[in-house]
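As provided, entry.cif (mmCIF, C-alpha atoms) reads as follows.
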```cif
data_query
#
loop_
_atom_site.label_atom_id
_atom_site.label_comp_id
_atom_site.auth_asym_id
_atom_site.auth_seq_id
_atom_site.Cartn_x
_atom_site.Cartn_y
_atom_site.Cartn_z
CA MET L 1 -6.24 -24.74 -9.36
CA ARG L 2 -4.50 -21.64 -10.74
CA VAL L 3 -2.34 -19.38 -8.58
CA PHE L 4 -1.08 -15.85 -9.25
CA GLY L 5 2.17 -15.28 -7.34
CA ILE L 6 3.47 -11.76 -6.70
CA ASP L 7 6.99 -10.81 -5.63
CA CYS L 8 6.78 -7.17 -4.49
CA GLY L 9 9.70 -4.79 -4.90
CA THR L 10 10.18 -1.03 -4.84
CA GLU L 11 11.74 -1.02 -8.34
CA LEU L 12 10.66 -4.30 -9.91
CA THR L 13 7.57 -6.33 -9.06
CA GLY L 14 7.43 -9.83 -10.52
CA TYR L 15 4.36 -11.95 -11.11
CA GLY L 16 3.97 -15.57 -12.15
CA VAL L 17 0.95 -17.74 -12.89
CA VAL L 18 1.10 -21.49 -12.27
CA GLN L 19 -1.64 -24.09 -12.62
CA MET L 20 -2.05 -27.65 -11.35
CA ASP L 21 -4.78 -30.06 -12.31
CA GLN L 22 -5.26 -31.98 -9.09
CA ARG L 23 -7.65 -34.45 -10.73
CA ALA L 24 -4.87 -35.82 -12.93
CA ALA L 25 -3.26 -39.13 -11.88
CA THR L 26 0.07 -37.37 -11.37
CA SER L 27 -0.46 -33.70 -10.45
CA ARG L 28 1.81 -31.72 -12.74
CA LEU L 29 2.65 -28.07 -12.38
CA GLN L 30 2.01 -26.01 -15.50
CA HIS L 31 3.56 -22.61 -16.26
CA VAL L 32 0.86 -20.22 -17.52
CA ALA L 33 2.62 -16.82 -17.59
CA ASP L 34 5.14 -14.61 -15.88
CA GLY L 35 6.24 -11.01 -16.16
CA THR L 36 7.84 -8.03 -14.52
CA ILE L 37 6.46 -4.56 -13.74
CA ARG L 38 9.37 -2.15 -14.09
CA LEU L 39 8.88 1.18 -12.36
CA ASN L 40 10.24 4.44 -13.69
CA LYS L 41 12.61 5.95 -11.12
CA LYS L 42 11.72 9.42 -12.36
CA HIS L 43 8.05 9.01 -11.38
CA ALA L 44 6.81 10.06 -7.94
CA THR L 45 5.80 7.28 -5.51
CA PRO L 46 2.00 7.70 -5.94
CA GLN L 47 2.38 7.34 -9.73
CA ARG L 48 4.60 4.27 -9.31
CA LEU L 49 2.05 2.69 -6.96
CA ALA L 50 -0.72 3.50 -9.45
CA GLN L 51 1.29 1.71 -12.19
CA VAL L 52 1.78 -1.44 -10.04
CA TYR L 53 -1.92 -1.45 -9.11
CA ALA L 54 -3.16 -0.96 -12.70
CA GLU L 55 -0.85 -3.59 -14.21
CA LEU L 56 -1.60 -6.17 -11.50
CA CYS L 57 -5.38 -5.62 -11.89
CA VAL L 58 -5.07 -6.22 -15.65
CA GLN L 59 -2.98 -9.40 -15.20
CA ILE L 60 -5.17 -10.84 -12.41
CA GLU L 61 -8.33 -10.24 -14.48
CA LEU L 62 -6.63 -11.76 -17.55
CA HIS L 63 -5.44 -14.96 -15.86
CA ALA L 64 -8.43 -15.38 -13.50
CA PRO L 65 -6.55 -17.22 -10.72
CA ASP L 66 -8.26 -19.01 -7.82
CA VAL L 67 -5.83 -17.45 -5.37
CA VAL L 68 -3.25 -14.64 -5.24
CA ALA L 69 -0.11 -15.62 -3.26
CA ILE L 70 2.32 -13.06 -1.78
CA GLU L 71 5.52 -13.38 0.21
CA GLU L 72 5.36 -12.44 3.90
CA VAL L 73 8.21 -10.20 5.04
CA PHE L 74 9.35 -10.01 8.66
CA PHE L 75 12.63 -8.20 8.33
CA ALA L 76 14.21 -5.47 6.24
CA ALA L 77 17.43 -3.44 6.16
CA ASN L 78 15.65 -0.63 8.04
CA ALA L 79 12.20 0.79 8.80
CA LYS L 80 12.29 3.07 5.74
CA SER L 81 12.88 0.21 3.29
CA ALA L 82 10.22 -1.91 5.08
CA LEU L 83 7.77 0.99 4.75
CA LYS L 84 8.52 1.40 1.01
CA LEU L 85 8.12 -2.33 0.39
CA GLY L 86 4.90 -2.25 2.44
CA GLN L 87 3.50 0.44 0.14
CA VAL L 88 3.91 -1.82 -2.92
CA ARG L 89 2.60 -4.83 -0.97
CA GLY L 90 -0.47 -2.78 0.05
CA VAL L 91 -1.45 -1.97 -3.53
CA ALA L 92 -0.74 -5.58 -4.59
CA MET L 93 -3.16 -6.88 -1.94
CA LEU L 94 -5.64 -4.17 -2.92
CA ALA L 95 -5.43 -5.35 -6.56
CA ALA L 96 -6.33 -8.90 -5.41
CA ALA L 97 -9.23 -7.55 -3.31
CA THR L 98 -10.46 -5.38 -6.22
CA CYS L 99 -10.52 -8.51 -8.44
CA ASN L 100 -12.30 -10.50 -5.67
CA ARG L 101 -9.48 -13.03 -5.27
CA PRO L 102 -8.44 -14.43 -1.89
CA VAL L 103 -4.87 -13.72 -0.78
CA ALA L 104 -2.49 -16.30 0.75
CA GLU L 105 0.78 -15.23 2.40
CA TYR L 106 3.91 -17.36 2.75
CA ALA L 107 7.12 -16.79 4.70
CA PRO L 108 10.37 -16.94 2.64
CA LEU L 109 11.35 -20.07 4.58
CA SER L 110 8.13 -21.86 3.55
CA ILE L 111 8.58 -20.85 -0.10
CA LYS L 112 12.15 -22.17 -0.26
CA SER L 113 11.16 -25.33 1.61
CA ALA L 114 8.28 -25.97 -0.79
CA VAL L 115 10.35 -25.41 -3.94
CA VAL L 116 13.86 -26.64 -3.02
CA GLY L 117 13.11 -28.72 0.09
CA TYR L 118 15.48 -26.56 2.14
CA GLY L 119 14.39 -23.35 3.86
CA LEU L 120 17.76 -21.63 3.63
CA ALA L 121 18.34 -22.36 -0.08
CA ALA L 122 20.19 -19.74 -2.18
CA LYS L 123 18.39 -17.65 -4.83
CA ASP L 124 19.97 -19.57 -7.76
CA GLN L 125 18.92 -22.92 -6.22
CA VAL L 126 15.31 -21.65 -6.09
CA GLN L 127 15.52 -20.48 -9.73
CA PHE L 128 17.00 -23.83 -10.81
CA MET L 129 14.15 -25.75 -9.15
CA VAL L 130 11.44 -23.42 -10.52
CA LYS L 131 12.79 -24.06 -14.04
CA ARG L 132 12.89 -27.80 -13.44
CA LEU L 133 9.44 -28.07 -11.82
CA LEU L 134 7.83 -26.02 -14.61
CA ARG L 135 9.97 -27.60 -17.38
CA LEU L 136 11.07 -24.18 -18.59
CA GLU L 137 13.90 -23.47 -21.00
CA GLY L 138 15.73 -20.17 -21.31
CA ASP L 139 15.92 -17.35 -18.81
CA PHE L 140 13.18 -15.75 -16.70
CA SER L 141 12.06 -12.21 -17.53
CA SER L 142 13.62 -11.25 -14.18
CA ALA L 143 14.70 -12.79 -10.87
CA ASP L 144 11.52 -11.26 -9.42
CA ALA L 145 9.35 -13.16 -11.93
CA ALA L 146 11.15 -16.39 -10.90
CA ASP L 147 10.45 -15.59 -7.23
CA ALA L 148 6.79 -14.95 -8.05
CA LEU L 149 6.55 -18.36 -9.74
CA ALA L 150 8.18 -19.92 -6.65
CA ILE L 151 5.51 -18.30 -4.43
CA ALA L 152 2.75 -19.70 -6.68
CA ILE L 153 4.35 -23.19 -6.59
CA CYS L 154 4.56 -22.93 -2.78
CA HIS L 155 0.82 -22.29 -2.57
CA LEU L 156 0.01 -25.21 -4.90
CA HIS L 157 2.23 -27.59 -2.92
CA THR L 158 0.71 -26.39 0.36
CA ALA L 159 -2.84 -26.71 -1.00
CA GLN L 160 -2.08 -30.21 -2.31
CA THR L 161 -0.67 -31.26 1.07
CA GLU L 162 -3.77 -29.88 2.82
CA VAL L 163 -6.11 -31.73 0.43
CA GLN L 164 -4.14 -34.95 0.98
CA THR L 165 -4.25 -34.48 4.77
CA VAL L 166 -8.02 -33.96 4.72
CA LEU L 167 -8.46 -37.03 2.50
CA ASN L 168 -6.24 -39.18 4.73
CA ALA L 169 -8.24 -38.06 7.77
CA LYS L 170 -11.53 -38.87 6.04
CA LEU L 171 -10.48 -42.24 4.52
CA PRO L 172 -10.90 -44.50 7.60
CA ALA L 173 -14.47 -43.25 8.16
CA ALA L 174 -15.27 -43.74 4.48
CA ARG L 175 -13.90 -47.29 4.64
CA LEU L 176 -15.99 -48.02 7.73
CA ASN L 177 -19.16 -46.91 5.94
CA HIS L 178 -18.22 -48.94 2.85
CA SER L 179 -19.69 -46.07 0.85
CA GLY L 180 -16.92 -43.51 0.70
CA PRO L 181 -16.25 -41.82 -2.62
CA HIS L 182 -12.89 -42.17 -4.33
CA PRO L 183 -10.52 -39.50 -3.00
CA GLU L 184 -10.47 -36.57 -5.35
CA GLY L 185 -8.67 -33.31 -4.91
CA VAL L 186 -10.14 -29.86 -5.36
CA SER L 187 -10.20 -29.20 -9.07
CA ARG L 188 -10.17 -26.03 -11.06
CA MET V 1 -5.85 26.47 -1.10
CA ARG V 2 -7.50 23.36 0.36
CA VAL V 3 -5.46 20.48 1.80
CA PHE V 4 -6.53 16.92 2.62
CA GLY V 5 -4.32 15.54 5.41
CA ILE V 6 -4.08 11.81 6.08
CA ASP V 7 -2.72 10.14 9.21
CA CYS V 8 -2.25 6.46 8.30
CA GLY V 9 -2.63 3.70 10.87
CA THR V 10 -3.15 -0.05 10.77
CA GLU V 11 -6.35 0.17 12.86
CA LEU V 12 -7.50 3.79 12.53
CA THR V 13 -6.75 6.16 9.65
CA GLY V 14 -7.60 9.80 10.27
CA TYR V 15 -8.26 12.47 7.67
CA GLY V 16 -8.73 16.20 7.97
CA VAL V 17 -9.50 18.94 5.46
CA VAL V 18 -8.26 22.50 6.05
CA GLN V 19 -8.54 25.54 3.82
CA MET V 20 -6.76 28.90 3.75
CA ASP V 21 -7.72 31.86 1.61
CA GLN V 22 -4.33 33.38 0.88
CA ARG V 23 -5.90 36.41 -0.82
CA ALA V 24 -7.39 37.59 2.48
CA ALA V 25 -5.59 40.38 4.36
CA THR V 26 -4.93 38.02 7.26
CA SER V 27 -4.70 34.43 6.03
CA ARG V 28 -6.95 32.43 8.31
CA LEU V 29 -7.10 28.66 8.55
CA GLN V 30 -10.56 27.20 8.12
CA HIS V 31 -11.65 23.73 9.25
CA VAL V 32 -13.64 22.02 6.48
CA ALA V 33 -14.03 18.44 7.71
CA ASP V 34 -12.36 15.60 9.59
CA GLY V 35 -13.08 11.94 10.16
CA THR V 36 -11.74 8.54 11.05
CA ILE V 37 -11.74 5.29 9.08
CA ARG V 38 -12.10 2.48 11.64
CA LEU V 39 -11.02 -0.92 10.40
CA ASN V 40 -12.69 -4.14 11.47
CA LYS V 41 -10.10 -6.36 13.17
CA LYS V 42 -12.00 -9.44 11.99
CA HIS V 43 -11.47 -8.57 8.33
CA ALA V 44 -8.46 -9.87 6.40
CA THR V 45 -5.76 -7.34 5.43
CA PRO V 46 -6.76 -7.06 1.73
CA GLN V 47 -10.37 -6.22 2.73
CA ARG V 48 -9.14 -3.66 5.28
CA LEU V 49 -6.93 -2.02 2.65
CA ALA V 50 -9.87 -2.00 0.22
CA GLN V 51 -11.97 -0.19 2.87
CA VAL V 52 -9.28 2.48 3.46
CA TYR V 53 -8.87 2.98 -0.30
CA ALA V 54 -12.62 3.22 -1.03
CA GLU V 55 -13.35 5.62 1.86
CA LEU V 56 -10.38 7.88 1.07
CA CYS V 57 -11.36 8.03 -2.62
CA VAL V 58 -14.90 9.10 -1.65
CA GLN V 59 -13.65 11.79 0.78
CA ILE V 60 -10.99 13.15 -1.59
CA GLU V 61 -13.53 13.39 -4.43
CA LEU V 62 -16.05 15.01 -2.07
CA HIS V 63 -13.72 17.71 -0.71
CA ALA V 64 -11.75 18.28 -3.93
CA PRO V 65 -8.48 19.38 -2.27
CA ASP V 66 -5.58 20.99 -4.15
CA VAL V 67 -3.10 18.72 -2.39
CA VAL V 68 -3.09 15.54 -0.31
CA ALA V 69 -0.57 15.68 2.58
CA ILE V 70 0.78 12.57 4.36
CA GLU V 71 3.22 12.07 7.22
CA GLU V 72 6.64 10.66 6.33
CA VAL V 73 7.77 7.82 8.60
CA PHE V 74 11.41 6.94 9.14
CA PHE V 75 11.24 4.69 12.15
CA ALA V 76 8.97 2.05 13.63
CA ALA V 77 8.98 -0.46 16.48
CA ASN V 78 10.12 -3.16 14.04
CA ALA V 79 10.16 -4.09 10.35
CA LYS V 80 6.82 -5.90 10.59
CA SER V 81 4.97 -2.86 11.96
CA ALA V 82 6.71 -0.60 9.37
CA LEU V 83 5.57 -2.98 6.62
CA LYS V 84 1.97 -2.98 7.88
CA LEU V 85 1.91 0.81 8.14
CA GLY V 86 3.47 0.99 4.65
CA GLN V 87 0.58 -1.06 3.26
CA VAL V 88 -1.97 1.50 4.48
CA ARG V 89 0.25 4.35 3.32
CA GLY V 90 0.50 2.73 -0.14
CA VAL V 91 -3.26 2.62 -0.65
CA ALA V 92 -3.62 6.18 0.74
CA MET V 93 -1.14 7.47 -1.86
CA LEU V 94 -2.87 5.38 -4.53
CA ALA V 95 -6.20 7.01 -3.58
CA ALA V 96 -4.62 10.45 -4.11
CA ALA V 97 -3.18 9.33 -7.48
CA THR V 98 -6.55 7.85 -8.53
CA CYS V 99 -8.20 11.22 -7.78
CA ASN V 100 -5.41 13.07 -9.66
CA ARG V 101 -4.23 15.01 -6.61
CA PRO V 102 -0.55 15.72 -5.93
CA VAL V 103 0.91 14.27 -2.73
CA ALA V 104 3.15 16.16 -0.28
CA GLU V 105 5.02 14.36 2.50
CA TYR V 106 6.13 15.86 5.82
CA ALA V 107 8.37 14.49 8.56
CA PRO V 108 6.81 14.40 12.08
CA LEU V 109 9.36 17.02 13.19
CA SER V 110 8.21 19.44 10.46
CA ILE V 111 4.54 18.90 11.33
CA LYS V 112 5.09 19.61 15.03
CA SER V 113 7.29 22.62 14.23
CA ALA V 114 4.65 24.05 11.87
CA VAL V 115 1.77 23.59 14.33
CA VAL V 116 3.34 24.09 17.79
CA GLY V 117 6.61 25.79 16.87
CA TYR V 118 8.59 23.02 18.56
CA GLY V 119 9.61 19.81 16.74
CA LEU V 120 9.55 17.60 19.83
CA ALA V 121 6.12 18.73 21.08
CA ALA V 122 3.88 16.17 22.83
CA LYS V 123 0.70 14.80 21.20
CA ASP V 124 -1.63 16.81 23.49
CA GLN V 125 0.27 20.04 22.71
CA VAL V 126 -0.29 19.39 18.98
CA GLN V 127 -4.00 18.74 19.56
CA PHE V 128 -4.33 21.89 21.68
CA MET V 129 -2.77 24.02 18.92
CA VAL V 130 -4.85 22.37 16.15
CA LYS V 131 -8.02 23.26 18.12
CA ARG V 132 -6.80 26.81 18.66
CA LEU V 133 -5.65 27.43 15.08
CA LEU V 134 -8.92 26.09 13.66
CA ARG V 135 -11.06 27.69 16.41
CA LEU V 136 -12.66 24.31 17.19
CA GLU V 137 -14.75 23.48 20.25
CA GLY V 138 -15.34 19.99 21.60
CA ASP V 139 -13.32 16.85 20.97
CA PHE V 140 -11.90 15.47 17.72
CA SER V 141 -13.46 12.32 16.25
CA SER V 142 -10.12 10.66 17.11
CA ALA V 143 -6.49 11.51 17.86
CA ASP V 144 -5.74 10.35 14.29
CA ALA V 145 -8.17 12.92 12.85
CA ALA V 146 -6.40 15.62 14.91
CA ASP V 147 -3.05 14.44 13.53
CA ALA V 148 -4.44 14.56 9.99
CA LEU V 149 -5.57 18.16 10.53
CA ALA V 150 -2.06 18.98 11.85
CA ILE V 151 -0.52 17.52 8.65
CA ALA V 152 -2.86 19.67 6.52
CA ILE V 153 -1.99 22.80 8.57
CA CYS V 154 1.71 21.98 8.13
CA HIS V 155 1.31 21.96 4.34
CA LEU V 156 -0.59 25.28 4.36
CA HIS V 157 2.04 26.95 6.58
CA THR V 158 4.85 25.58 4.39
CA ALA V 159 3.10 26.69 1.18
CA GLN V 160 2.47 30.17 2.67
CA THR V 161 6.15 30.48 3.67
CA GLU V 162 7.21 29.46 0.16
CA VAL V 163 4.88 32.00 -1.45
CA GLN V 164 6.18 34.70 0.91
CA THR V 165 9.80 33.76 0.14
CA VAL V 166 9.16 34.00 -3.60
CA LEU V 167 7.41 37.37 -3.18
CA ASN V 168 10.21 38.76 -1.00
CA ALA V 169 12.77 37.69 -3.61
CA LYS V 170 10.77 39.37 -6.38
CA LEU V 171 9.97 42.61 -4.54
CA PRO V 172 13.29 44.48 -5.00
CA ALA V 173 13.16 43.94 -8.77
CA ALA V 174 9.55 45.10 -8.87
CA ARG V 175 10.46 48.22 -6.90
CA LEU V 176 13.32 48.98 -9.26
CA ASN V 177 10.93 48.81 -12.23
CA HIS V 178 8.38 51.00 -10.41
CA SER V 179 5.74 48.76 -11.95
CA GLY V 180 5.57 45.76 -9.69
CA PRO V 181 2.15 44.37 -8.84
CA HIS V 182 0.94 44.15 -5.27
CA PRO V 183 2.09 40.89 -3.74
CA GLU V 184 -0.63 38.30 -3.89
CA GLY V 185 -0.50 34.70 -2.72
CA VAL V 186 -1.68 31.67 -4.65
CA SER V 187 -5.43 31.55 -4.27
CA ARG V 188 -7.91 28.75 -4.40
#
```

Once you've parsed the file, please lay out its structure as C-alpha cells.
Amino acid sequence: MRVFGIDCGTELTGYGVVQMDQRAATSRLQHVADGTIRLNKKHATPQRLAQVYAELCVQIELHAPDVVAIEEVFFAANAKSALKLGQVRGVAMLAAATCNRPVAEYAPLSIKSAVVGYGLAAKDQVQFMVKRLLRLEGDFSSADAADALAIAICHLHTAQTEVQTVLNAKLPAARLNHSGPHPEGVSR
Amino acid sequence: MRVFGIDCGTELTGYGVVQMDQRAATSRLQHVADGTIRLNKKHATPQRLAQVYAELCVQIELHAPDVVAIEEVFFAANAKSALKLGQVRGVAMLAAATCNRPVAEYAPLSIKSAVVGYGLAAKDQVQFMVKRLLRLEGDFSSADAADALAIAICHLHTAQTEVQTVLNAKLPAARLNHSGPHPEGVSR
C-alpha cells in the first residue's frame, strides 16, 4: 500500500509518499518521495491555489498512491486563518478527487500517537521518529514535508491495525472450519 | 461589464450573473442568470468539492464574465465551520483562476452598503433590493443565489464609483486643455 500525505499550509504545503508491503514477513515502511510547494507571496490567492492544485495533481499522478491522507484541523488562531487554511485544504482534496484517489483524514493527536506513541509529542520528536521509521539521513526539504510523511505513516499504521483486527476477528471461524486461508494483509 | 458573483456555502453555493452597460446614458443593471449548486450530504467532502468546482467552471465559461466576485469572510461560528467554508471558497477561487478570470473580494458590510445603502441591513432587505434593482419578479432559486447577485451588484457599483472618481479627477485638466473627450465609462 502506498500513501500520499499532504500537510496543507497557506505559505508552504508539504507532501510525502510512503509505502509498506504488508505481505512481507516484517512490514517495513519505505520512503518513496517528499517535497514542498512554496507559494509566492506576491501572487494573488487564486493563483496560489492554482499552483497548489496543479503541483499536487502532478505529484499524485506521478506516485499513483492508493490513498491520499490529510490532517484534520479543529482549531486555529482565528476564523480568518482557519478560512485561509481551508482554501488550501479544499484544493488539496479536489486534487485527490480529480486523480480518483480516496481521501483519509487524521486528527493531529492520532498522527502524533501513530508516529511517536504520544498524542502531545513536540514537532521535533515527530521529525525524529519519521527519520527513524523511514531510515532517512540528512534533513527534510521542510518541516511541512516531514509532517506530510508523518500523516502518511499514520494512515499506514492505522490501515495495518485495521487489517490485523479483521484477521483476528476472522481467525477463530477459520480455525473452526479447518479450511481458513493463511492470514494475509491487503497488498499493493 | 459582466460580473459572476459567488456565495459559497458548505451545503448550497449560489451564483448570480449581472451585467451593466456603462456606456448607456443611465447605467442599468441587467440580470443575466442565477442558480444554486446543491450538494449531496451523502457524498464525501472531496466529491462535493469536485461538484462545486466542475459546476462553477461550466457556468463561468458559459457566461464569460469580466470578473468573478466573492464574499470575504472574517468570522464564523467556530474554526471547524470556517475551515469547511474555506474549502468551498478555495475551489471557487480555483474555478475562477482555471477560467482566467480575475477575482474581487468584498466584505459583507460593503455588499449590504452597496445594495441597500446600510451595512447592517437584514437578509430580506438585501433580497428586496436585489429584486428591485434587477427588476425581477417571483422568487430566487435560493437565498444563496440572491446573495450571489448582491455580490455581483456590489462589484458593479464599486467599479462604477471608481470609474466616476477617475473621470472627476481628470475633468479639470481636460477642461483646461479645451480638448478633453466626453467622459465615458469602461464598457463591455

Closest pair table for range 81-165 of chain V residues within 9 Å of range 37-59 of chain V, only C-alpha atoms, as a tab-separated table:
```
residue	atom	partner	partner_atom	distance
V:Gln87	CA	V:Leu49	CA	7.6
V:Val88	CA	V:Leu49	CA	6.4
V:Val91	CA	V:Tyr53	CA	5.6
V:Ala92	CA	V:Tyr53	CA	6.2
V:Leu94	CA	V:Tyr53	CA	7.7
V:Ala95	CA	V:Cys57	CA	5.3
V:Ala96	CA	V:Cys57	CA	7.3
V:Thr98	CA	V:Cys57	CA	7.6
V:Cys99	CA	V:Cys57	CA	6.8
```

To test the calculation: enclose all listed atoms of range 44-63 of chain V in a box whose edges run along x, y and z, add 5 Å on each side, then state centre and edge lengths in Å to one decimal, as JSON.
```
{"center_x": -10.9, "center_y": 3.9, "center_z": 1.0, "size_x": 20.3, "size_y": 37.6, "size_z": 20.8}
```

Q: Apply the PyMOL selection byres ((chain L and resi 139) around 12) to the structure shown and report the selected residues as a list in words.
A: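 So the PyMOL selection byres ((chain L and resi 139) around 12), applied here, picks out Asp34, Gly35, Asp124, Gln127, Phe128, Val130, Lys131, Arg135, Leu136, Glu137, Gly138, Phe140, Ser141, Ser142, Ala143, Ala145 and Ala146 of chain L.
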
(Q) If I take CA of Thr13 in chain L and CA of Thr36 in chain L, how far is one from the other in Å, to one decimal? (A) 5.7 Å

Q.
Let me make sure I understand: if you superpose chain V onto chain L using all C-alpha atoms paired in order, what RMSD in Å results?
A.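 RMSD over all C-alpha atoms: 0.2 Å.
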
Q | Counting all atoms listed in the file, the option among V:Pro108, V:Gly16, V:Pro65, V:Gly90 closest to Val126 in chain V | A |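 Nearest to Val126 in chain V: V:Pro108.
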
Q | Hits of the PyMOL selection byres ((chain L and resi 158) around 12) in this structure, as JSON, numbers by chain | A | {"L": [3, 69, 104, 105, 106, 110, 111, 113, 114, 115, 151, 152, 153, 154, 155, 156, 157, 159, 160, 161, 162, 163, 164, 165]}

Q) Given the choices V:Pro102, V:Gly14, V:Gly9, V:Gly86, which gets closest to chain L if the distance is worked out from all atoms listed in the file? A)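 Of the candidates, the smallest distance to chain L is held by V:Gly86.
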
Q) Between L:Ala148, L:Ala79, L:Leu62, L:Met20, which is the closest to Met1 in chain L once you count all atoms listed in the file? A) L:Met20
